[in-house]
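Asks: Got a structure for you, written out below as structure tokens; questions coming shortly.
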Amino acid sequence: MIKILITRNVPEEKARDILPLFRQLRSHATQQPGYVAGETLKSKDRPDVYMVISTWQTPEDWEKWLLSKTRQEIQAKVDKVLGGKTEYEMFHYGIRD
């Protein structure tokens, strides 16, 4: 299994526009093969910082979702509202050689 970490800076004045898009992404992700779980966190110390952590069975499952037309359409709206591209980081469980 893998975890995907996505950190986004969301200015307070854009939160109203962006949160429904986050919900759409989550709703569609939960229906994808290989999706295990996900959560969206908001920083206590920096209220404009949101982190999404999702768990997938395989890197390939994540890649299929990442490249899906549905996700790309919603992600384009997110990037437009926030004015930049979203960055992703993939983490594997445990220590590997």
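Ordering of the structure tokens sets the chain letters (A, B, ...); residue numbers start at 1 within each chain; ligands are numbered from 1 in the order shown.
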Could the residues of stretch 30-95 of chain A that have an atom at most 7 Å from stretch 16-21 of chain A be listed as a Markdown table, each with its closest atom pair and the distance in Å to one decimal, counting only C-alpha atoms and ordered by chain and ascending residue number?
Replies:
| residue | atom | partner | partner_atom | distance |
| --- | --- | --- | --- | --- |
| A:Ile74 | CA | A:Leu21 | CA | 6.7 |
| A:Val78 | CA | A:Ile18 | CA | 6.4 |
| A:Val81 | CA | A:Ile18 | CA | 6.9 |
Asks: Could you tell me, as a ChimeraX atom specification, which residues of chain A DSSP assigns to alpha helix (DSSP H) when given the backbone?
Replies: /A:12-29,59-67,69-82
Asks: Excluding A:Pro11 and its own-chain neighbours fewer than 4 positions away, which residues fall within 9 Å of it when counting only C-alpha atoms? Please give them as a list in words.
Replies: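 My list of contacting residues is Ala15, Pro47, Asp48, Val49 and Leu82 of chain A.
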Asks: For a quick check of understanding, using only C-alpha atoms, which of A:Val36, A:Leu66, A:Leu25, A:Met51 has the smallest distance to A:Arg8?
Replies: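 The closest residue to A:Arg8 is A:Met51.
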Asks: Rounded to one decimal place, report the atom CA of A:Met1-atom CA of A:Tyr93 distance in Å.
Replies: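 We find that atom CA of A:Met1 and atom CA of A:Tyr93 lie 6.6 Å from each other.
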Asks: Residues near A:Glu63, anyone? I mean within 12 Å using only C-alpha atoms, not counting same-chain ones fewer than 2 positions away, as a short mmCIF file (atom, residue, chain, number, x, y, z; two decimals) with N, CA and C atoms, in the first residue's frame.
Replies:
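And here is the file that came out, selection04.cif:
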data_model
loop_
_atom_site.label_atom_id
_atom_site.label_comp_id
_atom_site.auth_asym_id
_atom_site.auth_seq_id
_atom_site.Cartn_x
_atom_site.Cartn_y
_atom_site.Cartn_z
N ILE A 2 0.29 2.33 -0.47
CA ILE A 2 0.99 3.61 -0.53
C ILE A 2 0.09 4.69 0.05
N ILE A 4 -0.56 8.91 -0.45
CA ILE A 4 -0.32 10.11 -1.25
C ILE A 4 -0.57 11.31 -0.36
N ALA A 29 -12.90 9.74 -5.81
CA ALA A 29 -11.77 8.87 -5.45
C ALA A 29 -12.24 7.62 -4.73
N GLN A 32 -12.93 4.58 -6.83
CA GLN A 32 -11.90 4.07 -7.71
C GLN A 32 -11.34 2.74 -7.20
N PRO A 33 -11.03 1.82 -8.12
CA PRO A 33 -10.38 0.57 -7.71
C PRO A 33 -9.05 0.87 -7.01
N GLY A 34 -8.83 0.21 -5.91
CA GLY A 34 -7.58 0.39 -5.18
C GLY A 34 -7.59 1.46 -4.11
N TYR A 35 -8.64 2.27 -4.07
CA TYR A 35 -8.74 3.31 -3.04
C TYR A 35 -9.03 2.64 -1.71
N TRP A 56 -3.79 4.04 -1.00
CA TRP A 56 -4.12 3.25 -2.19
C TRP A 56 -3.44 1.89 -2.10
N GLN A 57 -4.06 0.89 -2.71
CA GLN A 57 -3.49 -0.45 -2.71
C GLN A 57 -2.13 -0.49 -3.42
N THR A 58 -2.04 0.16 -4.60
CA THR A 58 -0.81 0.13 -5.39
C THR A 58 -0.54 1.50 -6.01
N PRO A 59 0.71 1.75 -6.37
CA PRO A 59 1.00 2.99 -7.09
C PRO A 59 0.21 3.07 -8.40
N GLU A 60 -0.01 1.93 -9.04
CA GLU A 60 -0.75 1.92 -10.30
C GLU A 60 -2.20 2.37 -10.11
N ASP A 61 -2.81 1.95 -8.98
CA ASP A 61 -4.18 2.40 -8.70
C ASP A 61 -4.23 3.92 -8.59
N TRP A 65 -6.14 6.84 -11.18
CA TRP A 65 -7.01 7.91 -10.69
C TRP A 65 -6.42 9.27 -11.04
N LEU A 66 -5.13 9.44 -10.83
CA LEU A 66 -4.46 10.71 -11.12
C LEU A 66 -4.66 11.13 -12.58
N LEU A 67 -4.61 10.16 -13.47
CA LEU A 67 -4.69 10.45 -14.90
C LEU A 67 -6.10 10.38 -15.46
N SER A 68 -7.08 10.03 -14.63
CA SER A 68 -8.45 9.90 -15.11
C SER A 68 -9.01 11.25 -15.55
N LYS A 69 -9.88 11.20 -16.53
CA LYS A 69 -10.48 12.43 -17.07
C LYS A 69 -11.27 13.17 -15.99
N ARG A 71 -10.87 13.20 -12.73
CA ARG A 71 -9.98 13.87 -11.77
C ARG A 71 -9.29 15.06 -12.41
N GLN A 72 -8.83 14.91 -13.61
CA GLN A 72 -8.14 16.02 -14.28
C GLN A 72 -9.05 17.23 -14.45
N TYR A 88 2.19 16.48 -5.61
CA TYR A 88 1.87 15.23 -4.93
C TYR A 88 3.15 14.56 -4.48
N MET A 90 4.36 10.61 -3.03
CA MET A 90 3.96 9.23 -2.76
C MET A 90 4.90 8.63 -1.72
#
Asks: Between atom CA of A:Gly94 and atom CA of A:Phe22, what is the distance in Å, rounded to a tenth?
Replies: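 Between atom CA of A:Gly94 and atom CA of A:Phe22 the gap works out to 28.4 Å.
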Asks: I'd like to know which of A:Ser43, A:Thr7, A:Ser54, A:Thr70 is closest to A:His28, using only C-alpha atoms.
Replies: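 Nearest candidate to A:His28 out of A:Ser43, A:Thr7, A:Ser54, A:Thr70: A:Thr70.
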Asks: Within chain A, find each residue whose DSSP state, derived from the backbone, is strand (DSSP E), and express the selection as a PDB file with N, CA and C atoms, in the first residue's frame.
Replies:
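The resulting selection-v8.pdb:
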ATOM      1  N   ILE A   2       0.292   2.325  -0.475  1.00  0.00           N
ATOM      2  CA  ILE A   2       0.987   3.611  -0.526  1.00  0.00           C
ATOM      3  C   ILE A   2       0.092   4.694   0.052  1.00  0.00           C
ATOM      4  N   LYS A   3       0.732   5.782   0.440  1.00  0.00           N
ATOM      5  CA  LYS A   3       0.006   6.981   0.854  1.00  0.00           C
ATOM      6  C   LYS A   3       0.419   8.109  -0.080  1.00  0.00           C
ATOM      7  N   ILE A   4      -0.561   8.914  -0.445  1.00  0.00           N
ATOM      8  CA  ILE A   4      -0.323  10.106  -1.253  1.00  0.00           C
ATOM      9  C   ILE A   4      -0.569  11.314  -0.364  1.00  0.00           C
ATOM     10  N   LEU A   5       0.403  12.227  -0.301  1.00  0.00           N
ATOM     11  CA  LEU A   5       0.258  13.458   0.462  1.00  0.00           C
ATOM     12  C   LEU A   5       0.167  14.630  -0.504  1.00  0.00           C
ATOM     13  N   ILE A   6      -0.873  15.425  -0.308  1.00  0.00           N
ATOM     14  CA  ILE A   6      -1.094  16.615  -1.130  1.00  0.00           C
ATOM     15  C   ILE A   6      -1.268  17.789  -0.171  1.00  0.00           C
ATOM     16  N   THR A   7      -0.402  18.783  -0.289  1.00  0.00           N
ATOM     17  CA  THR A   7      -0.502  19.968   0.558  1.00  0.00           C
ATOM     18  C   THR A   7      -0.853  21.154  -0.335  1.00  0.00           C
ATOM     19  N   ARG A   8      -1.862  21.895   0.119  1.00  0.00           N
ATOM     20  CA  ARG A   8      -2.296  23.065  -0.664  1.00  0.00           C
ATOM     21  C   ARG A   8      -2.445  24.269   0.257  1.00  0.00           C
ATOM     22  N   ASN A   9      -2.040  25.424  -0.238  1.00  0.00           N
ATOM     23  CA  ASN A   9      -2.287  26.683   0.457  1.00  0.00           C
ATOM     24  C   ASN A   9      -3.576  27.268  -0.091  1.00  0.00           C
ATOM     25  N   TYR A  35      -8.642   2.272  -4.075  1.00  0.00           N
ATOM     26  CA  TYR A  35      -8.743   3.306  -3.040  1.00  0.00           C
ATOM     27  C   TYR A  35      -9.035   2.635  -1.710  1.00  0.00           C
ATOM     28  N   VAL A  36      -8.297   3.002  -0.680  1.00  0.00           N
ATOM     29  CA  VAL A  36      -8.481   2.411   0.641  1.00  0.00           C
ATOM     30  C   VAL A  36      -9.115   3.411   1.601  1.00  0.00           C
ATOM     31  N   ALA A  37      -8.522   4.597   1.709  1.00  0.00           N
ATOM     32  CA  ALA A  37      -9.017   5.587   2.681  1.00  0.00           C
ATOM     33  C   ALA A  37      -8.432   6.955   2.335  1.00  0.00           C
ATOM     34  N   GLY A  38      -9.022   7.978   2.939  1.00  0.00           N
ATOM     35  CA  GLY A  38      -8.509   9.325   2.748  1.00  0.00           C
ATOM     36  C   GLY A  38      -8.994  10.251   3.838  1.00  0.00           C
ATOM     37  N   GLU A  39      -8.254  11.315   4.019  1.00  0.00           N
ATOM     38  CA  GLU A  39      -8.650  12.335   4.992  1.00  0.00           C
ATOM     39  C   GLU A  39      -8.113  13.677   4.541  1.00  0.00           C
ATOM     40  N   THR A  40      -8.826  14.720   4.911  1.00  0.00           N
ATOM     41  CA  THR A  40      -8.398  16.081   4.627  1.00  0.00           C
ATOM     42  C   THR A  40      -8.179  16.770   5.958  1.00  0.00           C
ATOM     43  N   LEU A  41      -6.996  17.340   6.125  1.00  0.00           N
ATOM     44  CA  LEU A  41      -6.619  17.989   7.372  1.00  0.00           C
ATOM     45  C   LEU A  41      -6.367  19.470   7.130  1.00  0.00           C
ATOM     46  N   LYS A  42      -6.679  20.273   8.141  1.00  0.00           N
ATOM     47  CA  LYS A  42      -6.417  21.712   8.087  1.00  0.00           C
ATOM     48  C   LYS A  42      -5.454  22.044   9.214  1.00  0.00           C
ATOM     49  N   VAL A  49      -3.412  26.255   5.286  1.00  0.00           N
ATOM     50  CA  VAL A  49      -2.759  25.044   4.787  1.00  0.00           C
ATOM     51  C   VAL A  49      -3.664  23.834   5.004  1.00  0.00           C
ATOM     52  N   TYR A  50      -3.946  23.137   3.909  1.00  0.00           N
ATOM     53  CA  TYR A  50      -4.726  21.901   3.932  1.00  0.00           C
ATOM     54  C   TYR A  50      -3.837  20.764   3.450  1.00  0.00           C
ATOM     55  N   MET A  51      -3.992  19.600   4.070  1.00  0.00           N
ATOM     56  CA  MET A  51      -3.273  18.416   3.617  1.00  0.00           C
ATOM     57  C   MET A  51      -4.269  17.299   3.385  1.00  0.00           C
ATOM     58  N   VAL A  52      -4.167  16.675   2.227  1.00  0.00           N
ATOM     59  CA  VAL A  52      -4.974  15.510   1.910  1.00  0.00           C
ATOM     60  C   VAL A  52      -4.043  14.303   1.961  1.00  0.00           C
ATOM     61  N   ILE A  53      -4.462  13.286   2.688  1.00  0.00           N
ATOM     62  CA  ILE A  53      -3.713  12.030   2.763  1.00  0.00           C
ATOM     63  C   ILE A  53      -4.643  10.934   2.282  1.00  0.00           C
ATOM     64  N   SER A  54      -4.234  10.249   1.217  1.00  0.00           N
ATOM     65  CA  SER A  54      -5.046   9.136   0.733  1.00  0.00           C
ATOM     66  C   SER A  54      -4.192   7.878   0.689  1.00  0.00           C
ATOM     67  N   THR A  55      -4.859   6.750   0.894  1.00  0.00           N
ATOM     68  CA  THR A  55      -4.195   5.455   0.897  1.00  0.00           C
ATOM     69  C   THR A  55      -4.720   4.639  -0.275  1.00  0.00           C
ATOM     70  N   TRP A  56      -3.795   4.038  -1.000  1.00  0.00           N
ATOM     71  CA  TRP A  56      -4.119   3.253  -2.193  1.00  0.00           C
ATOM     72  C   TRP A  56      -3.440   1.891  -2.096  1.00  0.00           C
ATOM     73  N   TYR A  88       2.189  16.483  -5.613  1.00  0.00           N
ATOM     74  CA  TYR A  88       1.866  15.235  -4.926  1.00  0.00           C
ATOM     75  C   TYR A  88       3.148  14.560  -4.483  1.00  0.00           C
ATOM     76  N   GLU A  89       3.063  13.832  -3.363  1.00  0.00           N
ATOM     77  CA  GLU A  89       4.173  13.014  -2.908  1.00  0.00           C
ATOM     78  C   GLU A  89       3.646  11.638  -2.569  1.00  0.00           C
ATOM     79  N   MET A  90       4.359  10.608  -3.027  1.00  0.00           N
ATOM     80  CA  MET A  90       3.959   9.234  -2.763  1.00  0.00           C
ATOM     81  C   MET A  90       4.902   8.635  -1.723  1.00  0.00           C
ATOM     82  N   PHE A  91       4.322   7.965  -0.741  1.00  0.00           N
ATOM     83  CA  PHE A  91       5.087   7.301   0.307  1.00  0.00           C
ATOM     84  C   PHE A  91       4.684   5.842   0.387  1.00  0.00           C
ATOM     85  N   HIS A  92       5.688   4.963   0.558  1.00  0.00           N
ATOM     86  CA  HIS A  92       5.445   3.537   0.774  1.00  0.00           C
ATOM     87  C   HIS A  92       5.478   3.261   2.268  1.00  0.00           C
TER      88      HIS A  92
END
